[in-house]
Amino acid sequence: MDHLVFEVGTALLLVALASVLANKLKFSIIPFLIVLGMLVGPHAPKIGILDFRFIESQPFIEFLGRIGVLFLLFYLGLEFSVSKLIKSGRNIVFGGSIYVALNFALGLGFAYLADFPFNEMLIVAGMMSVSSTAIVAKVLVDLRRTGNAETELILGMILFDDIFLAVFLSVMSGLLLGGATSVGGVLVSVAISIGYMLMFFVIARFGPKVLNRLLNIASNEIFIIVVFSLLFFVAGFSETLHVAEAIGALLFGLALSETEHSKRIEHLVVPFRDFFGAVFFFSFGLGIDPSTLGSAVGLALIAAVLTILGNVVSGMIAGRKAGLSHKASTNIGLTVMARGEFTIIVANLGITAGLMPVLRPLSALYVLILAIIGPLLTKESKHVYKFLNKIFKWNKPKPQDAPASQP
């Protein structure tokens with residue numbers, strides 16, 4: 001362990017360089033960090049005193065990555081709000097349902113035709129159903145589309161997708177990690193997971209007054225110690241109930257989302273989310289042997305094509321149902337197309353449960369493809385719409401709709 005600090009420092013320096021490069025290119029850092037992790041690690045060469053295999057530090061780096069998952073999901077829980085769900089409206093519920101159902105169905109069909117076992121089919125369908133909140137938000141800001149007519153529906157569909165992710169992870173945690181072998185045992189494990197999740201929804205809805213008093217701490221130092229201590233405790237306790245630690249973090253964030261301290265917590269947690277989140281993507285790539293990717297290339301390409309089609313169709317249905325133009329509806333499908341952190345989290349659940357090893361390279365390649373293509377298609381949505389309009393002969397959008405949906 002003599003070189004542990006040096007190895008970790010080297011890894012973090014590489015993460016920093018990849019992040020700077022991604023920022024210079026105005027691109028998501030997720031694919032950069034995954035590729036970086038793949039290029040170094042167990043199969044990397046040793047150059048002088050620089051050993052990029054990270055022999056001693058890889059378990060520690062992976063643990064830092066686990067912390068990154070907790071902060072990512074905790075922050076997502078803080079952003080989510082039960083009151084937002086209640087006020088979301090029919091269009092968001094309809095659009096989100098179409099989006100999740102279509103992508104999940106395509107994932108199931110794809111995995112079935114690929115001859116995956118049942119549990120793997122569910123994980124693959126989950127992977128293909130969850131968009132990347134981080135990438136979608138970054139794209140909307142970078143392309144200055146936050147004021148577009150379709151943006152409210154996009155954010156609502158992402159919120160709905162996040163709710164699906166919470167339910168899916170809870171159910172799959174009970175199914176895969178509960179250790180039950182009989183049908184009754186599986187149902188009990190799933191029921192415990194769902195009941196545990198509902199408990200946090202109840203706390204979020206009716207417990208803010210109590211939580212406000214408990215967290216009324218003036219010192220930021222003590223405040224962050226208390227919040228982070230509870231975060232890790234809840235995440236760890238969740239595992240004892242066979243609920244994934246990541247979903248425990250999300251539920252704890254949900255419980256705090258309705259308190260008067262939520263914005264303060266968000267402000268304090270963002271640096272930790274960004275730092276440890278970057279380490280998570282790097283550590284995920286670190287565990288991938290590039291020589292094993294060949295077996296998953298075909299599967300990843302097919303999954304990506306199906307996701308592109310599913311997103312365009314579901315975006316069009318959701319947008320038109322909400323009264324938006326064809327152009328704005330096209331923007332919806334293209335904007336929510338990117339896959340990233342949550343797809344990898346779903347894949348990691350299957351990997352942790354000992355499912356087929358191909359899930360790791362498949363999820364890595366799938367995320368890489370869509371994390372790159374998704375933002376590019378969104379940026380070029382005007383040309384994509386023109387191409388689709390030539391095929392389907394849509395009516396031109398009304399003059400009052402055009403400014404709102406301009407890329």
# chains A, B, ... in the order shown; residues from 1 in each chain; ligands from 1
call {"tool": "closest_atom_pairs", "arguments": {"of": "segment 220-301 of chain A", "to": "segment 32-43 of chain A", "cutoff": "7 Å", "atoms": "only C-alpha atoms", "output": "tab-separated table"}}
result
residue	atom	partner	partner_atom	distance
A:Phe281	CA	A:Ile34	CA	5.5
A:Phe282	CA	A:Gly37	CA	4.8
A:Ser283	CA	A:Gly37	CA	6.3
A:Phe284	CA	A:Ile34	CA	6.5
A:Gly285	CA	A:Gly37	CA	4.1
A:Leu286	CA	A:Gly37	CA	4.1
A:Ile288	CA	A:Met38	CA	5.6
A:Asp289	CA	A:Met38	CA	6.5
A:Pro290	CA	A:Met38	CA	6.1
call {"tool": "write_last_selection", "arguments": {"atoms": "all heavy atoms", "output": "mmCIF file, in the first residue's frame"}}
result
data_model
loop_
_atom_site.group_PDB
_atom_site.id
_atom_site.type_symbol
_atom_site.label_atom_id
_atom_site.label_comp_id
_atom_site.auth_asym_id
_atom_site.auth_seq_id
_atom_site.Cartn_x
_atom_site.Cartn_y
_atom_site.Cartn_z
ATOM 1 N N PHE A 281 -17.687 7.230 -13.057
ATOM 2 C CA PHE A 281 -17.629 6.865 -14.468
ATOM 3 C C PHE A 281 -16.244 6.332 -14.837
ATOM 4 O O PHE A 281 -16.117 5.401 -15.632
ATOM 5 C CB PHE A 281 -18.003 8.066 -15.336
ATOM 6 C CG PHE A 281 -19.428 8.501 -15.172
ATOM 7 C CD1 PHE A 281 -19.738 9.736 -14.644
ATOM 8 C CD2 PHE A 281 -20.461 7.664 -15.528
ATOM 9 C CE1 PHE A 281 -21.052 10.132 -14.477
ATOM 10 C CE2 PHE A 281 -21.784 8.050 -15.370
ATOM 11 C CZ PHE A 281 -22.075 9.282 -14.840
ATOM 12 N N PHE A 282 -15.212 6.920 -14.266
ATOM 13 C CA PHE A 282 -13.856 6.441 -14.505
ATOM 14 C C PHE A 282 -13.691 5.025 -13.968
ATOM 15 O O PHE A 282 -13.123 4.150 -14.636
ATOM 16 C CB PHE A 282 -12.845 7.383 -13.851
ATOM 17 C CG PHE A 282 -11.428 6.895 -13.889
ATOM 18 C CD1 PHE A 282 -10.693 6.924 -15.058
ATOM 19 C CD2 PHE A 282 -10.826 6.385 -12.738
ATOM 20 C CE1 PHE A 282 -9.375 6.468 -15.097
ATOM 21 C CE2 PHE A 282 -9.518 5.936 -12.763
ATOM 22 C CZ PHE A 282 -8.792 5.972 -13.943
ATOM 23 N N SER A 283 -14.178 4.773 -12.758
ATOM 24 C CA SER A 283 -14.030 3.454 -12.145
ATOM 25 C C SER A 283 -14.827 2.403 -12.908
ATOM 26 O O SER A 283 -14.425 1.239 -12.990
ATOM 27 C CB SER A 283 -14.468 3.483 -10.676
ATOM 28 O OG SER A 283 -15.862 3.700 -10.557
ATOM 29 N N PHE A 284 -15.971 2.817 -13.475
ATOM 30 C CA PHE A 284 -16.748 1.877 -14.284
ATOM 31 C C PHE A 284 -15.942 1.438 -15.504
ATOM 32 O O PHE A 284 -15.877 0.250 -15.823
ATOM 33 C CB PHE A 284 -18.061 2.524 -14.730
ATOM 34 C CG PHE A 284 -18.944 1.608 -15.529
ATOM 35 C CD1 PHE A 284 -19.760 0.681 -14.893
ATOM 36 C CD2 PHE A 284 -18.967 1.662 -16.911
ATOM 37 C CE1 PHE A 284 -20.577 -0.174 -15.627
ATOM 38 C CE2 PHE A 284 -19.772 0.823 -17.644
ATOM 39 C CZ PHE A 284 -20.584 -0.103 -17.009
ATOM 40 N N GLY A 285 -15.330 2.403 -16.185
ATOM 41 C CA GLY A 285 -14.496 2.057 -17.329
ATOM 42 C C GLY A 285 -13.271 1.259 -16.930
ATOM 43 O O GLY A 285 -12.791 0.409 -17.683
ATOM 44 N N LEU A 286 -12.771 1.513 -15.718
ATOM 45 C CA LEU A 286 -11.584 0.822 -15.229
ATOM 46 C C LEU A 286 -11.801 -0.686 -15.154
ATOM 47 O O LEU A 286 -10.860 -1.468 -15.322
ATOM 48 C CB LEU A 286 -11.213 1.363 -13.842
ATOM 49 C CG LEU A 286 -9.764 1.248 -13.380
ATOM 50 C CD1 LEU A 286 -8.838 2.024 -14.286
ATOM 51 C CD2 LEU A 286 -9.647 1.750 -11.941
ATOM 52 N N ILE A 288 -13.517 -2.467 -17.200
ATOM 53 C CA ILE A 288 -13.818 -3.040 -18.510
ATOM 54 C C ILE A 288 -12.541 -3.395 -19.243
ATOM 55 O O ILE A 288 -11.650 -2.558 -19.411
ATOM 56 C CB ILE A 288 -14.637 -2.050 -19.364
ATOM 57 C CG1 ILE A 288 -15.967 -1.731 -18.676
ATOM 58 C CG2 ILE A 288 -14.889 -2.615 -20.754
ATOM 59 C CD1 ILE A 288 -16.742 -0.633 -19.365
ATOM 60 N N ASP A 289 -12.443 -4.628 -19.672
ATOM 61 C CA ASP A 289 -11.324 -5.067 -20.491
ATOM 62 C C ASP A 289 -11.675 -4.754 -21.949
ATOM 63 O O ASP A 289 -12.624 -5.334 -22.494
ATOM 64 C CB ASP A 289 -11.106 -6.575 -20.307
ATOM 65 C CG ASP A 289 -9.937 -7.102 -21.117
ATOM 66 O OD1 ASP A 289 -9.360 -6.333 -21.921
ATOM 67 O OD2 ASP A 289 -9.601 -8.290 -20.964
ATOM 68 N N PRO A 290 -10.954 -3.826 -22.597
ATOM 69 C CA PRO A 290 -11.299 -3.453 -23.979
ATOM 70 C C PRO A 290 -11.365 -4.648 -24.928
ATOM 71 O O PRO A 290 -12.118 -4.609 -25.907
ATOM 72 C CB PRO A 290 -10.156 -2.503 -24.381
ATOM 73 C CG PRO A 290 -9.674 -1.938 -23.089
ATOM 74 C CD PRO A 290 -9.812 -3.048 -22.086
#
call {"tool": "select_by_dssp", "arguments": {"residues": "segment 149-301 of chain A", "states": "helix (DSSP H, G or I)", "output": "VMD selection string"}}
result
chain A and resid 151 to 177 183 to 206 208 to 214 220 to 240 245 to 257 262 to 286 290 to 301
call {"tool": "atom_distance", "arguments": {"atom1": "atom CA of His267 of chain A", "atom2": "atom CA of Tyr196 of chain A"}}
result
27.4 Å
call {"tool": "closest_atom_pairs", "arguments": {"of": "segment 326-404 of chain A", "to": "segment 135-154 of chain A", "cutoff": "10 Å", "atoms": "only C-alpha atoms", "output": "Markdown table"}}
result
| residue | atom | partner | partner_atom | distance |
| --- | --- | --- | --- | --- |
| A:Lys327 | CA | A:Glu150 | CA | 9.7 |
| A:Ala328 | CA | A:Glu150 | CA | 5.9 |
| A:Ser329 | CA | A:Glu150 | CA | 7.2 |
| A:Thr330 | CA | A:Glu150 | CA | 9.6 |
| A:Asn331 | CA | A:Glu150 | CA | 7.6 |
| A:Ile332 | CA | A:Ile154 | CA | 6.0 |
| A:Gly333 | CA | A:Ile154 | CA | 8.6 |
| A:Leu334 | CA | A:Val136 | CA | 9.8 |
| A:Thr335 | CA | A:Val136 | CA | 6.2 |
| A:Val336 | CA | A:Val136 | CA | 6.1 |
| A:Met337 | CA | A:Val136 | CA | 8.2 |
| A:Ala338 | CA | A:Ile135 | CA | 6.7 |
| A:Arg339 | CA | A:Ile135 | CA | 7.9 |
| A:Gly340 | CA | A:Ile135 | CA | 7.4 |
| A:Glu341 | CA | A:Ile135 | CA | 9.0 |
| A:Ala371 | CA | A:Ile135 | CA | 7.7 |
| A:Gly374 | CA | A:Ile135 | CA | 9.0 |
| A:Pro375 | CA | A:Val139 | CA | 6.5 |
| A:Leu376 | CA | A:Val139 | CA | 9.5 |
| A:Thr378 | CA | A:Val139 | CA | 7.8 |
| A:Lys379 | CA | A:Leu143 | CA | 7.1 |
| A:Asp401 | CA | A:Ala149 | CA | 8.0 |
| A:Ala402 | CA | A:Ala149 | CA | 9.5 |
| A:Pro403 | CA | A:Asn148 | CA | 8.1 |
| A:Ala404 | CA | A:Asn148 | CA | 4.7 |
call {"tool": "write_last_selection", "arguments": {"atoms": "N, CA, C and O atoms", "output": "mmCIF file, in the first residue's frame"}}
result
data_model
loop_
_atom_site.group_PDB
_atom_site.id
_atom_site.type_symbol
_atom_site.label_atom_id
_atom_site.label_comp_id
_atom_site.auth_asym_id
_atom_site.auth_seq_id
_atom_site.Cartn_x
_atom_site.Cartn_y
_atom_site.Cartn_z
ATOM 1 N N LYS A 327 -42.126 20.022 -35.245
ATOM 2 C CA LYS A 327 -40.726 20.377 -35.005
ATOM 3 C C LYS A 327 -40.395 20.319 -33.519
ATOM 4 O O LYS A 327 -39.363 19.767 -33.113
ATOM 5 N N ALA A 328 -41.272 20.879 -32.694
ATOM 6 C CA ALA A 328 -41.063 20.835 -31.244
ATOM 7 C C ALA A 328 -41.126 19.404 -30.733
ATOM 8 O O ALA A 328 -40.357 19.011 -29.840
ATOM 9 N N SER A 329 -42.017 18.622 -31.300
ATOM 10 C CA SER A 329 -42.149 17.219 -30.894
ATOM 11 C C SER A 329 -40.903 16.421 -31.260
ATOM 12 O O SER A 329 -40.480 15.533 -30.512
ATOM 13 N N THR A 330 -40.312 16.751 -32.415
ATOM 14 C CA THR A 330 -39.050 16.104 -32.799
ATOM 15 C C THR A 330 -37.954 16.456 -31.802
ATOM 16 O O THR A 330 -37.149 15.605 -31.417
ATOM 17 N N ASN A 331 -37.919 17.717 -31.380
ATOM 18 C CA ASN A 331 -36.926 18.140 -30.387
ATOM 19 C C ASN A 331 -37.035 17.338 -29.099
ATOM 20 O O ASN A 331 -36.018 17.026 -28.457
ATOM 21 N N ILE A 332 -38.258 16.992 -28.700
ATOM 22 C CA ILE A 332 -38.455 16.232 -27.460
ATOM 23 C C ILE A 332 -37.739 14.892 -27.544
ATOM 24 O O ILE A 332 -36.945 14.530 -26.672
ATOM 25 N N GLY A 333 -38.027 14.132 -28.599
ATOM 26 C CA GLY A 333 -37.416 12.810 -28.742
ATOM 27 C C GLY A 333 -35.906 12.852 -28.836
ATOM 28 O O GLY A 333 -35.210 12.009 -28.267
ATOM 29 N N LEU A 334 -35.370 13.859 -29.535
ATOM 30 C CA LEU A 334 -33.923 13.956 -29.698
ATOM 31 C C LEU A 334 -33.246 14.391 -28.392
ATOM 32 O O LEU A 334 -32.154 13.927 -28.074
ATOM 33 N N THR A 335 -33.890 15.273 -27.628
ATOM 34 C CA THR A 335 -33.271 15.802 -26.411
ATOM 35 C C THR A 335 -33.149 14.754 -25.319
ATOM 36 O O THR A 335 -32.164 14.730 -24.586
ATOM 37 N N VAL A 336 -34.155 13.880 -25.185
ATOM 38 C CA VAL A 336 -34.142 12.882 -24.095
ATOM 39 C C VAL A 336 -33.469 11.583 -24.512
ATOM 40 O O VAL A 336 -33.537 10.584 -23.800
ATOM 41 N N MET A 337 -32.780 11.591 -25.638
ATOM 42 C CA MET A 337 -32.203 10.364 -26.189
ATOM 43 C C MET A 337 -30.944 9.903 -25.473
ATOM 44 O O MET A 337 -30.659 8.700 -25.392
ATOM 45 N N ALA A 338 -30.148 10.815 -24.945
ATOM 46 C CA ALA A 338 -28.848 10.458 -24.376
ATOM 47 C C ALA A 338 -29.002 9.496 -23.198
ATOM 48 O O ALA A 338 -29.929 9.602 -22.396
ATOM 49 N N ARG A 339 -28.104 8.564 -23.099
ATOM 50 C CA ARG A 339 -28.055 7.636 -21.971
ATOM 51 C C ARG A 339 -26.742 7.864 -21.231
ATOM 52 O O ARG A 339 -25.720 8.199 -21.834
ATOM 53 N N GLY A 340 -26.755 7.676 -19.918
ATOM 54 C CA GLY A 340 -25.554 7.961 -19.132
ATOM 55 C C GLY A 340 -25.551 7.309 -17.783
ATOM 56 O O GLY A 340 -25.626 6.076 -17.668
ATOM 57 N N GLU A 341 -25.525 8.145 -16.716
ATOM 58 C CA GLU A 341 -25.287 7.664 -15.365
ATOM 59 C C GLU A 341 -26.302 6.633 -14.890
ATOM 60 O O GLU A 341 -25.943 5.614 -14.264
ATOM 61 N N ALA A 371 -24.390 8.723 -25.614
ATOM 62 C CA ALA A 371 -23.896 9.938 -24.966
ATOM 63 C C ALA A 371 -23.208 10.845 -25.980
ATOM 64 O O ALA A 371 -23.089 12.059 -25.772
ATOM 65 N N GLY A 374 -26.554 11.357 -29.049
ATOM 66 C CA GLY A 374 -27.710 12.080 -28.537
ATOM 67 C C GLY A 374 -27.558 13.590 -28.593
ATOM 68 O O GLY A 374 -28.364 14.292 -29.233
ATOM 69 N N PRO A 375 -26.531 14.161 -27.940
ATOM 70 C CA PRO A 375 -26.346 15.613 -28.005
ATOM 71 C C PRO A 375 -26.109 16.142 -29.413
ATOM 72 O O PRO A 375 -26.533 17.259 -29.740
ATOM 73 N N LEU A 376 -25.429 15.353 -30.263
ATOM 74 C CA LEU A 376 -25.190 15.789 -31.640
ATOM 75 C C LEU A 376 -26.495 15.900 -32.418
ATOM 76 O O LEU A 376 -26.715 16.872 -33.155
ATOM 77 N N THR A 378 -29.438 16.341 -31.127
ATOM 78 C CA THR A 378 -30.195 17.454 -30.546
ATOM 79 C C THR A 378 -29.705 18.778 -31.124
ATOM 80 O O THR A 378 -30.511 19.658 -31.478
ATOM 81 N N LYS A 379 -28.398 18.931 -31.241
ATOM 82 C CA LYS A 379 -27.826 20.152 -31.786
ATOM 83 C C LYS A 379 -28.251 20.358 -33.233
ATOM 84 O O LYS A 379 -28.488 21.492 -33.682
ATOM 85 N N ASP A 401 -45.875 28.929 -33.458
ATOM 86 C CA ASP A 401 -45.154 27.819 -32.825
ATOM 87 C C ASP A 401 -43.671 27.864 -33.145
ATOM 88 O O ASP A 401 -42.858 27.383 -32.387
ATOM 89 N N ALA A 402 -43.337 28.423 -34.355
ATOM 90 C CA ALA A 402 -41.970 28.322 -34.833
ATOM 91 C C ALA A 402 -40.938 28.919 -33.899
ATOM 92 O O ALA A 402 -39.929 28.292 -33.597
ATOM 93 N N PRO A 403 -41.113 30.161 -33.360
ATOM 94 C CA PRO A 403 -40.072 30.743 -32.520
ATOM 95 C C PRO A 403 -39.819 29.928 -31.277
ATOM 96 O O PRO A 403 -38.698 29.850 -30.796
ATOM 97 N N ALA A 404 -40.859 29.306 -30.725
ATOM 98 C CA ALA A 404 -40.701 28.572 -29.465
ATOM 99 C C ALA A 404 -39.908 27.305 -29.642
ATOM 100 O O ALA A 404 -39.327 26.802 -28.701
#
call {"tool": "atom_distance", "arguments": {"atom1": "atom CA of Val346 of chain A", "atom2": "atom CA of Ser295 of chain A"}}
result
20.3 Å
call {"tool": "residues_around", "arguments": {"residues": "Met316 of chain A", "least_positions_apart": "2", "cutoff": "7 Å", "atoms": "only C-alpha atoms", "output": "list in words"}}
result
Val312, Val313, Ser314, Ala318, Gly319, Arg320, His326, Ser329, Thr330 and Gly333 of chain A
call {"tool": "residues_around", "arguments": {"residues": "Lys209 of chain A", "least_positions_apart": "2", "cutoff": "12 Å", "atoms": "only C-alpha atoms", "output": "ChimeraX atom specification"}}
result
/A:203-207,211-216,255-256,258-261
call {"tool": "write_last_selection", "arguments": {"atoms": "N, CA, C and O atoms", "output": "PDB file, in the first residue's frame"}}
result
ATOM      1  N   ILE A 203     -42.836  10.078   4.311  1.00  0.00           N
ATOM      2  CA  ILE A 203     -42.015  11.027   5.070  1.00  0.00           C
ATOM      3  C   ILE A 203     -41.885  12.347   4.313  1.00  0.00           C
ATOM      4  O   ILE A 203     -41.982  13.432   4.888  1.00  0.00           O
ATOM      5  N   ALA A 204     -41.673  12.238   2.990  1.00  0.00           N
ATOM      6  CA  ALA A 204     -41.531  13.453   2.175  1.00  0.00           C
ATOM      7  C   ALA A 204     -42.817  14.270   2.158  1.00  0.00           C
ATOM      8  O   ALA A 204     -42.781  15.504   2.107  1.00  0.00           O
ATOM      9  N   ARG A 205     -43.945  13.579   2.226  1.00  0.00           N
ATOM     10  CA  ARG A 205     -45.235  14.274   2.133  1.00  0.00           C
ATOM     11  C   ARG A 205     -45.670  14.868   3.467  1.00  0.00           C
ATOM     12  O   ARG A 205     -46.214  15.977   3.514  1.00  0.00           O
ATOM     13  N   PHE A 206     -45.414  14.145   4.564  1.00  0.00           N
ATOM     14  CA  PHE A 206     -45.983  14.571   5.840  1.00  0.00           C
ATOM     15  C   PHE A 206     -44.944  14.897   6.922  1.00  0.00           C
ATOM     16  O   PHE A 206     -45.325  15.311   8.017  1.00  0.00           O
ATOM     17  N   GLY A 207     -43.658  14.704   6.616  1.00  0.00           N
ATOM     18  CA  GLY A 207     -42.655  14.888   7.655  1.00  0.00           C
ATOM     19  C   GLY A 207     -41.779  16.115   7.592  1.00  0.00           C
ATOM     20  O   GLY A 207     -40.874  16.261   8.422  1.00  0.00           O
ATOM     21  N   LEU A 211     -38.560  17.343  10.095  1.00  0.00           N
ATOM     22  CA  LEU A 211     -37.217  17.393   9.513  1.00  0.00           C
ATOM     23  C   LEU A 211     -36.656  18.814   9.547  1.00  0.00           C
ATOM     24  O   LEU A 211     -35.450  19.007   9.739  1.00  0.00           O
ATOM     25  N   ASN A 212     -37.505  19.802   9.350  1.00  0.00           N
ATOM     26  CA  ASN A 212     -37.055  21.195   9.407  1.00  0.00           C
ATOM     27  C   ASN A 212     -36.463  21.533  10.767  1.00  0.00           C
ATOM     28  O   ASN A 212     -35.428  22.203  10.860  1.00  0.00           O
ATOM     29  N   ARG A 213     -37.112  21.062  11.821  1.00  0.00           N
ATOM     30  CA  ARG A 213     -36.606  21.328  13.175  1.00  0.00           C
ATOM     31  C   ARG A 213     -35.300  20.576  13.424  1.00  0.00           C
ATOM     32  O   ARG A 213     -34.360  21.117  14.013  1.00  0.00           O
ATOM     33  N   LEU A 214     -35.235  19.313  12.977  1.00  0.00           N
ATOM     34  CA  LEU A 214     -34.031  18.512  13.209  1.00  0.00           C
ATOM     35  C   LEU A 214     -32.812  19.064  12.472  1.00  0.00           C
ATOM     36  O   LEU A 214     -31.678  18.943  12.946  1.00  0.00           O
ATOM     37  N   LEU A 215     -33.053  19.656  11.309  1.00  0.00           N
ATOM     38  CA  LEU A 215     -31.946  20.154  10.485  1.00  0.00           C
ATOM     39  C   LEU A 215     -31.735  21.663  10.634  1.00  0.00           C
ATOM     40  O   LEU A 215     -30.986  22.263   9.855  1.00  0.00           O
ATOM     41  N   ASN A 216     -32.343  22.251  11.611  1.00  0.00           N
ATOM     42  CA  ASN A 216     -32.169  23.692  11.850  1.00  0.00           C
ATOM     43  C   ASN A 216     -30.829  23.932  12.549  1.00  0.00           C
ATOM     44  O   ASN A 216     -30.757  24.223  13.741  1.00  0.00           O
ATOM     45  N   ALA A 255     -36.823  12.336   0.760  1.00  0.00           N
ATOM     46  CA  ALA A 255     -37.378  12.693   2.060  1.00  0.00           C
ATOM     47  C   ALA A 255     -37.020  14.127   2.441  1.00  0.00           C
ATOM     48  O   ALA A 255     -37.786  14.798   3.142  1.00  0.00           O
ATOM     49  N   LEU A 256     -35.864  14.607   1.976  1.00  0.00           N
ATOM     50  CA  LEU A 256     -35.427  15.963   2.313  1.00  0.00           C
ATOM     51  C   LEU A 256     -35.855  17.008   1.284  1.00  0.00           C
ATOM     52  O   LEU A 256     -35.675  18.208   1.504  1.00  0.00           O
ATOM     53  N   GLU A 258     -38.686  18.156   0.306  1.00  0.00           N
ATOM     54  CA  GLU A 258     -39.779  19.068   0.629  1.00  0.00           C
ATOM     55  C   GLU A 258     -39.460  19.962   1.826  1.00  0.00           C
ATOM     56  O   GLU A 258     -40.295  20.753   2.259  1.00  0.00           O
ATOM     57  N   THR A 259     -38.262  19.820   2.399  1.00  0.00           N
ATOM     58  CA  THR A 259     -37.914  20.628   3.565  1.00  0.00           C
ATOM     59  C   THR A 259     -37.429  22.008   3.134  1.00  0.00           C
ATOM     60  O   THR A 259     -37.063  22.231   1.975  1.00  0.00           O
ATOM     61  N   GLU A 260     -37.385  22.928   4.076  1.00  0.00           N
ATOM     62  CA  GLU A 260     -36.901  24.275   3.795  1.00  0.00           C
ATOM     63  C   GLU A 260     -35.381  24.317   3.645  1.00  0.00           C
ATOM     64  O   GLU A 260     -34.813  25.342   3.282  1.00  0.00           O
ATOM     65  N   HIS A 261     -34.728  23.174   3.921  1.00  0.00           N
ATOM     66  CA  HIS A 261     -33.271  23.102   3.829  1.00  0.00           C
ATOM     67  C   HIS A 261     -32.800  22.484   2.511  1.00  0.00           C
ATOM     68  O   HIS A 261     -31.598  22.312   2.312  1.00  0.00           O
TER      69      HIS A 261
END
call {"tool": "atom_distance", "arguments": {"atom1": "atom CA of Lys46 of chain A", "atom2": "atom CA of Val279 of chain A"}}
result
21.3 Å
call {"tool": "residues_around", "arguments": {"residues": "segment 362-366 of chain A", "least_positions_apart": "5", "cutoff": "7 Å", "atoms": "only C-alpha atoms", "output": "PyMOL selection string"}}
result
chain A and resi 296+299-300+304+344+347
call {"tool": "closest_residue", "arguments": {"among": "A:Phe342, A:Ser325, A:Arg360, A:Val367", "to": "Trp394 of chain A", "atoms": "only C-alpha atoms"}}
result
A:Ser325
call {"tool": "closest_residue", "arguments": {"among": "A:Ile391, A:Ile351, A:Val210, A:Ile265", "to": "Val226 of chain A", "atoms": "only C-alpha atoms"}}
result
A:Ile265
